[in-house]
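Printed here is upload_22.cif (mmCIF, C-alpha atoms and all ligand atoms):
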data_work
#
loop_
_atom_site.label_atom_id
_atom_site.label_comp_id
_atom_site.auth_asym_id
_atom_site.auth_seq_id
_atom_site.Cartn_x
_atom_site.Cartn_y
_atom_site.Cartn_z
CA ASP M 245 0.00 0.00 0.00
CA PRO M 246 1.79 3.15 -1.18
CA ALA M 247 -0.01 5.18 1.49
CA CYS M 248 1.99 3.22 4.08
CA ALA M 249 5.35 3.68 2.37
CA GLU M 250 7.58 6.18 4.12
CA PRO M 251 8.67 9.25 2.16
CA LEU M 252 12.45 9.37 1.68
CA ALA M 253 14.24 11.52 4.25
CA VAL M 254 15.03 14.97 2.84
CA LEU M 255 16.67 18.08 4.24
CA GLY M 256 14.40 20.82 5.49
CA ARG M 257 11.56 18.62 6.67
CA ASP M 258 11.72 20.09 10.19
CA VAL M 259 12.01 23.73 9.15
CA THR M 260 9.32 25.89 10.73
CA VAL M 261 8.05 29.13 9.22
CA PRO M 262 5.96 31.93 10.73
CA LEU M 263 2.34 32.42 9.70
CA VAL M 264 0.71 35.83 9.29
CA THR M 265 -2.18 34.49 11.29
CA GLY M 266 0.19 33.93 14.25
CA GLY M 267 2.29 30.98 15.37
CA GLU M 268 4.38 28.83 13.11
CA VAL M 269 4.13 25.63 11.15
CA THR M 270 6.50 23.14 9.53
CA TYR M 271 7.22 24.19 5.99
CA ALA M 272 5.46 22.19 3.27
CA ALA M 273 7.82 22.28 0.27
CA LEU M 274 5.50 21.70 -2.68
CA ASP M 275 7.69 23.17 -5.39
CA TYR M 276 9.75 20.11 -6.29
CA ALA M 277 9.48 20.90 -10.01
CA ALA M 278 11.58 24.04 -9.45
CA SER M 279 14.10 22.43 -7.07
CA ALA M 280 13.54 19.36 -4.92
CA PRO M 281 14.94 19.23 -1.39
CA ALA M 282 18.19 17.27 -1.18
CA LEU M 283 17.96 13.73 0.13
CA GLN M 284 19.41 13.26 3.62
CA ARG M 285 21.32 10.35 2.12
CA VAL M 286 22.99 12.68 -0.41
CA TRP M 287 23.94 15.06 2.39
CA ASP M 288 25.40 12.18 4.43
CA ASP M 289 27.39 10.87 1.46
CA VAL M 290 28.80 14.35 0.78
CA ALA M 291 29.68 14.82 4.47
CA ALA M 292 31.47 11.44 4.48
CA TYR M 293 33.41 12.38 1.36
CA ALA M 294 34.24 15.97 2.34
CA PRO M 295 37.41 15.23 4.41
CA TYR M 296 38.85 13.47 1.34
CA TYR M 297 38.19 16.45 -0.91
CA GLY M 298 40.94 16.95 -3.47
CA SER M 299 41.56 18.19 -7.00
CA VAL M 300 40.24 16.01 -9.81
CA HIS M 301 42.44 14.87 -12.75
CA ARG M 302 45.13 17.23 -11.49
CA GLY M 303 46.93 15.89 -8.46
CA ALA M 304 49.38 13.11 -7.63
CA GLY M 305 48.43 13.02 -3.96
CA TYR M 306 46.29 10.31 -2.41
CA LEU M 307 43.25 12.56 -1.88
CA SER M 308 43.41 13.82 -5.46
CA GLN M 309 43.48 10.29 -6.73
CA LEU M 310 40.59 9.33 -4.48
CA SER M 311 38.55 12.32 -5.66
CA THR M 312 39.34 11.47 -9.29
CA ASP M 313 38.21 7.90 -8.72
CA LEU M 314 34.96 9.04 -7.11
CA PHE M 315 34.39 11.52 -9.93
CA GLU M 316 34.81 8.85 -12.61
CA GLN M 317 32.81 6.29 -10.62
CA SER M 318 30.03 8.89 -10.48
CA ARG M 319 30.06 8.98 -14.27
CA ALA M 320 29.65 5.20 -14.34
CA THR M 321 26.82 5.40 -11.78
CA VAL M 322 24.94 7.93 -13.90
CA ALA M 323 25.47 5.83 -17.04
CA GLU M 324 23.99 2.87 -15.18
CA PHE M 325 21.10 4.97 -13.79
CA LEU M 326 20.22 6.06 -17.34
CA ASP M 327 20.78 2.56 -18.77
CA CYS M 328 23.17 3.97 -21.37
CA ARG M 329 24.44 1.97 -24.36
CA PRO M 330 28.09 0.96 -24.76
CA GLY M 331 29.92 3.92 -26.27
CA ASP M 332 27.55 6.53 -24.86
CA GLN M 333 29.23 9.39 -23.03
CA VAL M 334 28.13 11.08 -19.82
CA VAL M 335 29.15 14.74 -19.78
CA PHE M 336 28.80 16.66 -16.53
CA THR M 337 27.36 20.13 -16.98
CA ARG M 338 25.84 22.79 -14.73
CA SER M 339 22.16 22.00 -15.41
CA THR M 340 19.64 20.88 -18.01
CA THR M 341 19.83 24.33 -19.57
CA ASP M 342 23.60 23.97 -19.83
CA SER M 343 23.29 20.43 -21.24
CA LEU M 344 20.93 21.50 -24.01
CA ASN M 345 23.07 24.53 -24.83
CA LEU M 346 26.06 22.18 -25.06
CA LEU M 347 24.18 19.98 -27.52
CA ALA M 348 23.14 23.07 -29.48
CA ALA M 349 26.80 24.08 -29.67
CA VAL M 350 27.88 20.75 -31.19
CA LEU M 351 25.14 20.38 -33.83
CA PRO M 352 26.57 19.48 -37.23
CA ALA M 353 26.39 22.11 -39.96
CA ASP M 354 22.95 22.55 -41.57
CA CYS M 355 21.20 20.70 -38.77
CA GLU M 356 17.45 21.25 -38.56
CA VAL M 357 15.81 21.19 -35.14
CA PHE M 358 12.20 20.22 -34.43
CA VAL M 359 10.71 21.27 -31.14
CA PHE M 360 7.15 21.55 -29.83
CA GLU M 361 6.11 25.06 -28.85
CA THR M 362 5.02 23.57 -25.52
CA GLU M 363 8.58 23.02 -24.31
CA HIS M 364 10.29 24.68 -21.38
CA HIS M 365 12.43 27.57 -22.61
CA ALA M 366 15.55 25.50 -21.90
CA SER M 367 14.45 23.14 -24.68
CA LEU M 368 12.83 25.78 -26.86
CA LEU M 369 15.52 28.43 -27.10
CA PRO M 370 19.10 27.10 -27.32
CA TRP M 371 18.99 26.20 -31.04
CA THR M 372 20.12 29.58 -32.32
CA ASN M 373 22.70 28.00 -34.70
CA ALA M 374 20.12 25.87 -36.48
CA GLN M 375 17.00 26.22 -38.58
CA VAL M 376 14.21 25.50 -36.11
CA SER M 377 10.70 24.21 -36.84
CA TYR M 378 8.34 24.94 -33.95
CA LEU M 379 5.56 22.36 -33.83
CA ASN M 380 2.06 23.31 -32.66
CA ALA M 381 0.81 22.13 -29.28
CA PRO M 382 -0.76 18.68 -29.64
CA ARG M 383 -3.94 17.85 -27.67
CA THR M 384 -3.23 14.10 -27.35
CA PRO M 385 -0.02 12.06 -27.18
CA GLY M 386 -1.03 10.47 -30.50
CA GLU M 387 -1.34 13.91 -32.07
CA ALA M 388 2.18 14.73 -30.85
CA VAL M 389 3.56 11.72 -32.72
CA ALA M 390 1.49 12.46 -35.84
CA THR M 391 2.57 16.12 -35.81
CA LEU M 392 6.23 15.18 -35.59
CA GLU M 393 5.89 12.52 -38.28
CA ARG M 394 4.24 15.01 -40.62
CA ALA M 395 6.92 17.63 -40.06
CA LEU M 396 9.74 15.14 -40.60
CA ALA M 397 8.05 13.63 -43.67
CA ASP M 398 7.61 17.12 -45.19
CA ARG M 399 11.29 17.74 -44.61
CA THR M 400 12.32 14.45 -46.22
CA ALA M 401 10.08 15.12 -49.21
CA SER M 402 11.37 18.65 -49.68
CA ILE M 403 14.99 17.60 -49.93
CA GLU M 404 15.72 16.01 -53.25
CA GLU M 405 19.16 14.56 -52.73
CA GLY M 406 19.37 13.00 -49.30
CA HIS M 407 18.89 15.27 -46.35
CA GLY M 408 21.02 16.91 -43.73
CA PRO M 409 21.05 16.06 -40.05
CA ALA M 410 18.01 16.76 -37.91
CA LEU M 411 17.39 16.78 -34.18
CA VAL M 412 14.12 16.53 -32.26
CA CYS M 413 14.05 17.91 -28.73
CA VAL M 414 11.23 16.81 -26.46
CA THR M 415 10.36 16.76 -22.80
CA GLY M 416 9.62 13.54 -20.94
CA ALA M 417 7.23 15.16 -18.46
CA SER M 418 5.93 18.72 -18.67
CA ASN M 419 7.09 21.14 -16.01
CA VAL M 420 3.65 22.82 -16.25
CA THR M 421 1.09 20.03 -16.50
CA GLY M 422 3.24 17.11 -15.31
CA GLU M 423 1.88 15.15 -18.26
CA LEU M 424 4.00 12.33 -19.68
CA TRP M 425 4.98 12.63 -23.32
CA PRO M 426 5.15 9.58 -25.64
CA VAL M 427 8.94 9.62 -25.78
CA LYS M 428 9.44 6.12 -27.15
CA GLU M 429 6.99 6.72 -30.01
CA LEU M 430 8.52 10.13 -30.77
CA ALA M 431 11.99 8.56 -30.83
CA ALA M 432 10.78 5.87 -33.24
CA ALA M 433 9.25 8.55 -35.48
CA ALA M 434 12.45 10.61 -35.39
CA HIS M 435 14.64 7.65 -36.25
CA ALA M 436 12.30 6.45 -39.02
CA HIS M 437 12.98 9.78 -40.72
CA GLY M 438 16.72 9.82 -40.11
CA ALA M 439 16.52 12.38 -37.30
CA ARG M 440 18.01 12.16 -33.82
CA ILE M 441 16.26 12.96 -30.56
CA VAL M 442 17.26 14.48 -27.24
CA LEU M 443 15.09 13.94 -24.19
CA ASP M 444 14.69 16.77 -21.69
CA ALA M 445 14.33 14.59 -18.60
CA ALA M 446 14.51 17.44 -16.06
CA GLN M 447 11.02 16.56 -14.80
CA LEU M 448 10.95 12.89 -15.79
CA ALA M 449 14.13 11.55 -14.19
CA PRO M 450 13.16 12.43 -10.58
CA HIS M 451 9.86 10.55 -10.94
CA HIS M 452 10.40 7.69 -13.38
CA PRO M 453 13.19 5.36 -14.44
CA VAL M 454 14.77 6.65 -17.66
CA SER M 455 16.32 4.05 -19.95
CA VAL M 456 18.21 5.58 -22.86
CA ARG M 457 18.37 2.11 -24.38
CA ASP M 458 14.69 1.26 -24.04
CA LEU M 459 13.36 4.71 -25.01
CA ASP M 460 15.94 4.70 -27.81
CA VAL M 461 16.76 8.38 -27.43
CA ASP M 462 20.09 9.68 -28.66
CA TRP M 463 20.70 11.98 -25.68
CA VAL M 464 19.16 12.74 -22.35
CA ALA M 465 19.59 15.84 -20.18
CA PHE M 466 18.69 16.41 -16.53
CA SER M 467 19.57 18.59 -13.51
CA GLY M 468 20.88 17.49 -10.13
CA HIS M 469 18.82 20.01 -8.17
CA LYS M 470 15.54 18.48 -9.35
CA LEU M 471 16.82 14.96 -8.63
CA TYR M 472 17.30 15.49 -4.87
CA ALA M 473 20.92 16.66 -5.16
CA PRO M 474 22.13 20.21 -4.50
CA PHE M 475 22.38 22.92 -7.14
CA GLY M 476 25.08 23.39 -9.73
CA SER M 477 25.42 20.13 -11.62
CA GLY M 478 23.67 18.46 -14.51
CA VAL M 479 24.11 15.76 -17.12
CA LEU M 480 24.09 15.35 -20.87
CA ALA M 481 24.41 11.67 -21.76
CA GLY M 482 24.24 9.89 -25.07
CA ARG M 483 25.89 9.37 -28.42
CA ALA M 484 29.55 10.32 -28.61
CA ASP M 485 29.86 11.20 -32.30
CA TRP M 486 28.40 14.73 -32.50
CA LEU M 487 30.02 15.54 -29.17
CA GLN M 488 33.43 14.41 -30.29
CA GLU M 489 33.33 15.82 -33.82
CA ALA M 490 32.68 19.36 -32.59
CA GLU M 491 34.92 21.93 -30.98
CA PRO M 492 34.86 21.88 -27.16
CA TYR M 493 31.95 23.70 -25.55
CA LEU M 494 34.40 25.18 -23.06
CA ALA M 495 38.03 25.51 -24.10
CA GLY M 496 40.72 25.20 -21.47
CA GLY M 497 42.64 22.88 -19.18
CA GLY M 498 41.22 19.40 -18.83
CA ALA M 499 39.67 19.43 -22.33
CA SER M 500 43.03 19.45 -24.10
CA ARG M 501 45.33 16.44 -24.45
CA LYS M 502 48.28 18.24 -26.04
CA VAL M 503 49.00 21.91 -26.70
CA SER M 504 52.08 23.07 -28.59
CA ARG M 505 53.42 26.21 -30.23
CA ARG M 506 53.63 26.11 -34.02
CA GLU M 507 56.56 27.44 -35.98
CA ASP M 508 54.35 30.21 -37.35
CA GLY M 509 53.78 31.35 -33.78
CA GLY M 510 50.27 29.93 -33.36
CA VAL M 511 49.12 27.12 -31.09
CA ASP M 512 48.08 23.58 -32.02
CA VAL M 513 45.63 21.81 -29.73
CA GLU M 514 44.69 18.17 -29.60
CA TRP M 515 41.40 17.90 -27.73
CA HIS M 516 40.28 14.91 -25.73
CA THR M 517 37.79 12.59 -27.38
CA THR M 518 36.18 11.57 -24.11
CA ALA M 519 33.55 13.47 -22.11
CA ALA M 520 36.43 15.61 -20.81
CA ARG M 521 36.41 17.41 -24.18
CA HIS M 522 33.44 19.47 -22.97
CA GLU M 523 34.34 19.68 -19.28
CA ALA M 524 37.23 22.15 -19.26
CA GLY M 525 38.20 23.70 -15.95
CA SER M 526 38.15 22.22 -12.46
CA PRO M 527 34.93 20.24 -12.20
CA ASN M 528 32.16 20.50 -9.63
CA VAL M 529 33.17 17.37 -7.73
CA ILE M 530 30.60 17.77 -4.96
CA GLY M 531 27.82 18.39 -7.44
CA VAL M 532 28.75 15.37 -9.51
CA TYR M 533 29.18 13.13 -6.48
CA SER M 534 25.79 14.32 -5.21
CA ILE M 535 24.07 13.38 -8.45
CA ALA M 536 25.59 9.90 -8.30
CA SER M 537 24.52 9.57 -4.67
CA ALA M 538 20.95 10.57 -5.55
CA CYS M 539 20.92 8.08 -8.44
CA ARG M 540 21.99 5.31 -6.07
CA ALA M 541 19.44 6.32 -3.43
CA LEU M 542 16.53 6.39 -5.91
CA THR M 543 17.58 3.08 -7.42
CA GLU M 544 17.82 1.48 -3.98
CA ALA M 545 14.43 2.87 -2.92
CA GLY M 546 13.04 1.42 -6.18
CA PHE M 547 11.08 3.37 -8.74
CA ASP M 548 8.12 0.96 -8.45
CA SER M 549 7.45 2.08 -4.90
CA LEU M 550 8.43 5.73 -5.57
CA VAL M 551 5.99 5.92 -8.49
CA ALA M 552 3.23 4.16 -6.53
CA ARG M 553 3.61 6.53 -3.61
CA GLU M 554 3.74 9.60 -5.80
CA GLN M 555 0.64 8.51 -7.74
CA HIS M 556 -1.14 8.10 -4.41
CA LEU M 557 -0.32 11.79 -3.72
CA VAL M 558 -1.31 12.84 -7.26
CA ALA M 559 -4.69 11.17 -6.75
CA LYS M 560 -5.19 12.97 -3.41
CA VAL M 561 -4.47 16.36 -5.01
CA ARG M 562 -6.59 15.68 -8.09
CA GLU M 563 -9.53 14.48 -6.03
CA GLY M 564 -9.20 17.40 -3.63
CA LEU M 565 -9.01 20.01 -6.39
CA ALA M 566 -11.93 18.39 -8.23
CA GLU M 567 -14.12 19.19 -5.22
CA VAL M 568 -13.51 22.93 -5.65
CA PRO M 569 -15.67 24.23 -8.53
CA ALA M 570 -13.58 27.41 -8.91
CA VAL M 571 -10.41 25.43 -9.63
CA ARG M 572 -9.42 24.62 -13.21
CA VAL M 573 -6.54 22.15 -13.57
CA LEU M 574 -4.43 22.77 -16.66
CA SER M 575 -3.80 19.93 -19.08
CA LEU M 576 -2.98 19.44 -22.74
CA PHE M 577 -3.86 15.77 -22.95
CA GLY M 578 -7.00 15.72 -20.78
CA ASP M 579 -7.71 15.70 -17.07
CA ASP M 580 -7.15 11.96 -16.72
CA ALA M 581 -3.84 11.88 -18.61
CA PRO M 582 -1.00 10.21 -16.70
CA ARG M 583 1.20 12.75 -14.99
CA VAL M 584 4.03 13.02 -12.49
CA GLY M 585 3.62 14.98 -9.26
CA VAL M 586 3.35 18.33 -11.04
CA ILE M 587 -0.09 19.97 -11.26
CA SER M 588 -0.88 23.53 -12.36
CA PHE M 589 -4.22 25.22 -11.94
CA VAL M 590 -6.04 28.54 -11.81
CA VAL M 591 -8.78 29.61 -9.42
CA ASP M 592 -11.70 31.66 -10.73
CA GLY M 593 -11.73 35.13 -9.27
CA TRP M 594 -8.20 34.84 -7.93
CA ASN M 595 -4.96 36.33 -9.07
CA SER M 596 -2.61 33.32 -9.03
CA SER M 597 0.21 35.30 -7.43
CA HIS M 598 -2.00 36.38 -4.55
CA PHE M 599 -3.27 32.84 -4.16
CA ALA M 600 0.25 31.40 -3.98
CA ALA M 601 1.30 34.15 -1.56
CA ALA M 602 -1.65 33.29 0.67
CA LEU M 603 -0.74 29.58 0.66
CA SER M 604 2.69 30.59 1.93
CA ALA M 605 1.69 33.25 4.43
CA GLU M 606 -1.35 31.54 5.92
CA TYR M 607 -0.45 27.85 5.62
CA GLY M 608 3.35 27.60 5.30
CA ILE M 609 3.01 25.97 1.89
CA GLY M 610 5.60 26.75 -0.80
CA VAL M 611 4.23 26.49 -4.34
CA ARG M 612 5.07 28.39 -7.51
CA ASP M 613 3.02 30.89 -9.49
CA GLY M 614 3.82 32.35 -12.88
CA LEU M 615 4.49 31.16 -16.39
CA PHE M 616 7.03 28.48 -15.49
CA CYS M 617 9.51 29.42 -18.27
CA ALA M 618 7.07 27.94 -20.79
CA HIS M 619 5.22 30.99 -22.14
CA PRO M 620 3.74 29.50 -25.33
CA LEU M 621 2.41 26.47 -23.42
CA VAL M 622 0.87 28.53 -20.64
CA ARG M 623 -0.71 30.81 -23.26
CA THR M 624 -2.28 27.76 -24.93
CA LEU M 625 -3.51 26.40 -21.62
CA LEU M 626 -4.95 29.67 -20.33
CA GLY M 627 -6.19 30.83 -23.70
CA SER M 628 -4.54 34.20 -23.15
CA GLU M 629 -1.41 36.12 -24.00
CA PRO M 630 0.87 35.98 -20.96
CA GLN M 631 2.15 39.39 -20.06
CA ALA M 632 5.37 38.45 -18.43
CA GLN M 633 7.22 40.75 -16.12
CA GLY M 634 10.50 38.96 -16.36
CA GLU M 635 11.21 35.63 -17.97
CA CYS M 636 9.51 33.34 -15.50
CA GLY M 637 7.72 36.02 -13.53
CA ALA M 638 4.19 36.57 -12.46
CA PRO M 639 2.11 39.10 -14.35
CA GLU M 640 -0.48 41.02 -12.41
CA ALA M 641 -4.20 40.59 -12.96
CA ALA M 642 -6.65 42.82 -11.14
CA PRO M 643 -8.58 40.95 -8.42
CA GLY M 644 -11.45 39.07 -10.04
CA GLU M 645 -9.96 39.20 -13.54
CA ARG M 646 -9.11 36.08 -15.48
CA SER M 647 -5.70 34.73 -14.47
CA LEU M 648 -2.79 35.54 -16.71
CA ASN M 649 -0.63 33.05 -14.92
CA ALA M 650 -1.10 29.85 -12.97
CA ILE M 651 -0.30 28.16 -9.67
CA ARG M 652 1.82 25.01 -9.66
CA VAL M 653 1.99 22.41 -6.91
CA SER M 654 4.69 19.75 -7.24
CA PHE M 655 6.01 17.03 -4.98
CA GLY M 656 7.93 13.77 -4.95
CA ALA M 657 9.90 11.22 -2.99
CA GLY M 658 10.23 13.28 0.20
CA THR M 659 6.64 14.51 0.44
CA PRO M 660 4.58 13.32 3.42
CA ASP M 661 0.81 12.93 2.99
CA GLU M 662 0.27 15.77 5.47
CA HIS M 663 1.76 18.30 3.06
CA VAL M 664 -0.64 17.57 0.22
CA GLU M 665 -3.54 17.21 2.67
CA ARG M 666 -2.75 20.66 4.09
CA PHE M 667 -2.53 22.01 0.56
CA VAL M 668 -5.95 20.62 -0.42
CA ARG M 669 -7.48 21.96 2.83
CA ALA M 670 -5.96 25.38 2.17
CA VAL M 671 -7.28 25.53 -1.41
CA LYS M 672 -10.73 24.54 -0.21
N1 LIG W 1 13.42 21.49 -18.71
C1 LIG W 1 12.38 21.36 -17.88
C2 LIG W 1 11.22 20.50 -18.31
C3 LIG W 1 12.38 22.02 -16.66
O1 LIG W 1 11.35 21.90 -15.83
C4 LIG W 1 13.49 22.81 -16.30
C5 LIG W 1 13.54 23.57 -14.98
N2 LIG W 1 12.36 24.17 -14.61
C6 LIG W 1 14.55 22.90 -17.19
C7 LIG W 1 14.49 22.22 -18.38
C8 LIG W 1 15.76 23.70 -16.87
O2 LIG W 1 16.43 23.16 -15.79
P1 LIG W 1 17.61 24.00 -15.08
O3 LIG W 1 16.97 25.26 -14.61
O4 LIG W 1 18.05 23.13 -13.98
O5 LIG W 1 18.62 24.23 -16.13
#
How does the structure come out when it is put into structure tokens?
Ligand code: PMP
Amino acid sequence: DPACAEPLAVLGRDVTVPLVTGGEVTYAALDYAASAPALQRVWDDVAAYAPYYGSVHRGAGYLSQLSTDLFEQSRATVAEFLDCRPGDQVVFTRSTTDSLNLLAAVLPADCEVFVFETEHHASLLPWTNAQVSYLNAPRTPGEAVATLERALADRTASIEEGHGPALVCVTGASNVTGELWPVKELAAAAHAHGARIVLDAAQLAPHHPVSVRDLDVDWVAFSGHKLYAPFGSGVLAGRADWLQEAEPYLAGGGASRKVSRREDGGVDVEWHTTAARHEAGSPNVIGVYSIASACRALTEAGFDSLVAREQHLVAKVREGLAEVPAVRVLSLFGDDAPRVGVISFVVDGWNSSHFAAALSAEYGIGVRDGLFCAHPLVRTLLGSEPQAQGECGAPEAAPGERSLNAIRVSFGAGTPDEHVERFVRAVK
């Protein structure tokens, strides 16, 4: 019974916050989609490692060698967590945004990119070096596949002599609706038309097992801070060829194997052909080690029980919100579509920013309001033009006017039932 399963221990679960109504209450962190609290286990692993902290790939001393070993073992742990294929590379980055910008920087010449307009800006915007086709928001998973197939078929037909490289970028789970996208089917469609596919797993990986091999995606990107590790580290994993044929994303020490002066006065550089090619500079050892620790902890807890428990919480929130007539839950694929623990909604007669502020001030509940760095999607869902004040900010609507932004509640492996129960009570 998932209701009986214990949430995983996370940092911050005993933090109390003051209420405007007087007194204080333990903080209910229900904004996992922005950043999840770190697992206690990750914290403990980092604390155990900290005395052995040393430079990576740069020192002859014992602690440097130990740190280098842990760093490279972390790479292997992530490859295993993602069920990578032999020959795939795991590049450590700063975040999902950084990972997708890295991939954008190594696209072959004349690469076309296909991306749904519903993507997070991290997936929508990095492709400035390519010709980009923005695909309209689908209203069913089947329509998503059909839309992609049509776009790729048109491309194939329009190119008489063979066709250049193409990349599809798609999310695994929406950061706005939490809905699952048909990644395996989209990958099959991409490959059938000679295109490659990168999976934005920022919201999928914390909630579901991700198998690069089974989904048959060419690359996957995710962030440590959404996967119960601290901020500052991310992953791009997948096929080596485009990564190794391109110039390094960051040039500098660590990426270069050999550097020599030429007779004409210039400099010749031989770059690494491993993941190190794109990891110049001293790496974020703690961040990388934290990601590996989180991967181990989630694998040990078992995704079957994590998913079951999270779906138990999703059902509680859905049922609770359904009892409030003024609440409209946002979805592309329909109210009953499978989703991870990410649910956005608007409340008739309420400005979403005020509503979210009240949840915090009166109930100690941390949610998010705004446009969630996915303006075109939120516009489609709300049927309005978002008037952003700042990239991910919260536009103002006069009290009683239709919402121009939404409220998002999101949770996961560390969430106790009491937090979502308090949330539902507060909304009611
Ligand atoms: N993709 C999705 C689906 C996301 O939800 C986010 C973060 N909100 C990102 C990409 C970007 O992640 P980061 O901010 O860690 O780079």
Sorted by chain and rising residue number, which residues of chain M lie within 9 Å of ligand LIG 1 (chain W), and what are their closest atom pairs and distances in Å to one decimal, counting only C-alpha atoms and all ligand atoms, as JSON lines?
{"residue": "M:Ala277", "atom": "CA", "partner": "W:LIG1", "partner_atom": "O1", "distance": 6.2}
{"residue": "M:Ala278", "atom": "CA", "partner": "W:LIG1", "partner_atom": "N2", "distance": 5.2}
{"residue": "M:Ser279", "atom": "CA", "partner": "W:LIG1", "partner_atom": "N2", "distance": 7.9}
{"residue": "M:Arg338", "atom": "CA", "partner": "W:LIG1", "partner_atom": "O5", "distance": 7.5}
{"residue": "M:Ser339", "atom": "CA", "partner": "W:LIG1", "partner_atom": "O5", "distance": 4.2}
{"residue": "M:Thr340", "atom": "CA", "partner": "W:LIG1", "partner_atom": "O5", "distance": 4.0}
{"residue": "M:Thr341", "atom": "CA", "partner": "W:LIG1", "partner_atom": "O5", "distance": 3.6}
{"residue": "M:Asp342", "atom": "CA", "partner": "W:LIG1", "partner_atom": "O5", "distance": 6.2}
{"residue": "M:Ser343", "atom": "CA", "partner": "W:LIG1", "partner_atom": "O5", "distance": 7.9}
{"residue": "M:Leu344", "atom": "CA", "partner": "W:LIG1", "partner_atom": "C7", "distance": 8.6}
{"residue": "M:Glu363", "atom": "CA", "partner": "W:LIG1", "partner_atom": "C2", "distance": 7.0}
{"residue": "M:His364", "atom": "CA", "partner": "W:LIG1", "partner_atom": "N1", "distance": 5.2}
{"residue": "M:His365", "atom": "CA", "partner": "W:LIG1", "partner_atom": "C7", "distance": 7.1}
{"residue": "M:Ala366", "atom": "CA", "partner": "W:LIG1", "partner_atom": "C7", "distance": 4.9}
{"residue": "M:Ser367", "atom": "CA", "partner": "W:LIG1", "partner_atom": "N1", "distance": 6.3}
{"residue": "M:Val414", "atom": "CA", "partner": "W:LIG1", "partner_atom": "C2", "distance": 8.9}
{"residue": "M:Thr415", "atom": "CA", "partner": "W:LIG1", "partner_atom": "C2", "distance": 5.9}
{"residue": "M:Gly416", "atom": "CA", "partner": "W:LIG1", "partner_atom": "C2", "distance": 7.6}
{"residue": "M:Ala417", "atom": "CA", "partner": "W:LIG1", "partner_atom": "C2", "distance": 6.7}
{"residue": "M:Ser418", "atom": "CA", "partner": "W:LIG1", "partner_atom": "C2", "distance": 5.6}
{"residue": "M:Asn419", "atom": "CA", "partner": "W:LIG1", "partner_atom": "O1", "distance": 4.3}
{"residue": "M:Val420", "atom": "CA", "partner": "W:LIG1", "partner_atom": "O1", "distance": 7.8}
{"residue": "M:Asp444", "atom": "CA", "partner": "W:LIG1", "partner_atom": "N1", "distance": 5.7}
{"residue": "M:Ala445", "atom": "CA", "partner": "W:LIG1", "partner_atom": "C2", "distance": 6.7}
{"residue": "M:Ala446", "atom": "CA", "partner": "W:LIG1", "partner_atom": "C1", "distance": 4.8}
{"residue": "M:Gln447", "atom": "CA", "partner": "W:LIG1", "partner_atom": "C2", "distance": 5.3}
{"residue": "M:Leu448", "atom": "CA", "partner": "W:LIG1", "partner_atom": "C2", "distance": 8.0}
{"residue": "M:Ala465", "atom": "CA", "partner": "W:LIG1", "partner_atom": "C7", "distance": 8.4}
{"residue": "M:Phe466", "atom": "CA", "partner": "W:LIG1", "partner_atom": "O2", "distance": 7.2}
{"residue": "M:Ser467", "atom": "CA", "partner": "W:LIG1", "partner_atom": "O4", "distance": 4.8}
{"residue": "M:Gly468", "atom": "CA", "partner": "W:LIG1", "partner_atom": "O4", "distance": 7.4}
{"residue": "M:His469", "atom": "CA", "partner": "W:LIG1", "partner_atom": "O4", "distance": 6.6}
{"residue": "M:Lys470", "atom": "CA", "partner": "W:LIG1", "partner_atom": "O4", "distance": 7.0}
{"residue": "M:Phe475", "atom": "CA", "partner": "W:LIG1", "partner_atom": "O4", "distance": 8.1}
{"residue": "M:Gly476", "atom": "CA", "partner": "W:LIG1", "partner_atom": "O4", "distance": 8.2}
{"residue": "M:Ser477", "atom": "CA", "partner": "W:LIG1", "partner_atom": "O4", "distance": 8.3}
{"residue": "M:Gly478", "atom": "CA", "partner": "W:LIG1", "partner_atom": "O4", "distance": 7.3}
{"residue": "M:Phe616", "atom": "CA", "partner": "W:LIG1", "partner_atom": "N2", "distance": 6.9}
{"residue": "M:Cys617", "atom": "CA", "partner": "W:LIG1", "partner_atom": "N2", "distance": 7.0}
{"residue": "M:Ala618", "atom": "CA", "partner": "W:LIG1", "partner_atom": "C2", "distance": 8.9}
query = Which neighbours of Val586 of chain M fall inside 12 Å, counting all atoms listed in the file, when residues of the same chain fewer than 4 positions from it are skipped, and could you give them as a PyMOL selection string?
reply = chain M and resi 274-278+280+417-424+447-448+450-451+554-555+557-559+561-562+573-575+582+611-612+616+651-656+664
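Closest to Gln488 of chain M among M:Leu430, M:Pro352, M:Pro409, M:Arg540 is M:Pro352, based on only C-alpha atoms.
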Select all residues near (27.6, 26.2, -30.9) (cut-off 12 Å, inclusive, file coordinates), counting all atoms listed in the file, and output them as a CSV table (one decimal) with C-alpha atoms, keeping the file's coordinate frame.
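Saved the output as part.csv:
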chain,number,residue,atom,x,y,z
M,342,ASP,CA,23.6,24.0,-19.8
M,344,LEU,CA,20.9,21.5,-24.0
M,345,ASN,CA,23.1,24.5,-24.8
M,346,LEU,CA,26.1,22.2,-25.1
M,347,LEU,CA,24.2,20.0,-27.5
M,348,ALA,CA,23.1,23.1,-29.5
M,349,ALA,CA,26.8,24.1,-29.7
M,350,VAL,CA,27.9,20.8,-31.2
M,351,LEU,CA,25.1,20.4,-33.8
M,352,PRO,CA,26.6,19.5,-37.2
M,353,ALA,CA,26.4,22.1,-40.0
M,355,CYS,CA,21.2,20.7,-38.8
M,370,PRO,CA,19.1,27.1,-27.3
M,371,TRP,CA,19.0,26.2,-31.0
M,372,THR,CA,20.1,29.6,-32.3
M,373,ASN,CA,22.7,28.0,-34.7
M,374,ALA,CA,20.1,25.9,-36.5
M,486,TRP,CA,28.4,14.7,-32.5
M,487,LEU,CA,30.0,15.5,-29.2
M,490,ALA,CA,32.7,19.4,-32.6
M,491,GLU,CA,34.9,21.9,-31.0
M,492,PRO,CA,34.9,21.9,-27.2
M,493,TYR,CA,32.0,23.7,-25.6
M,494,LEU,CA,34.4,25.2,-23.1
M,522,HIS,CA,33.4,19.5,-23.0
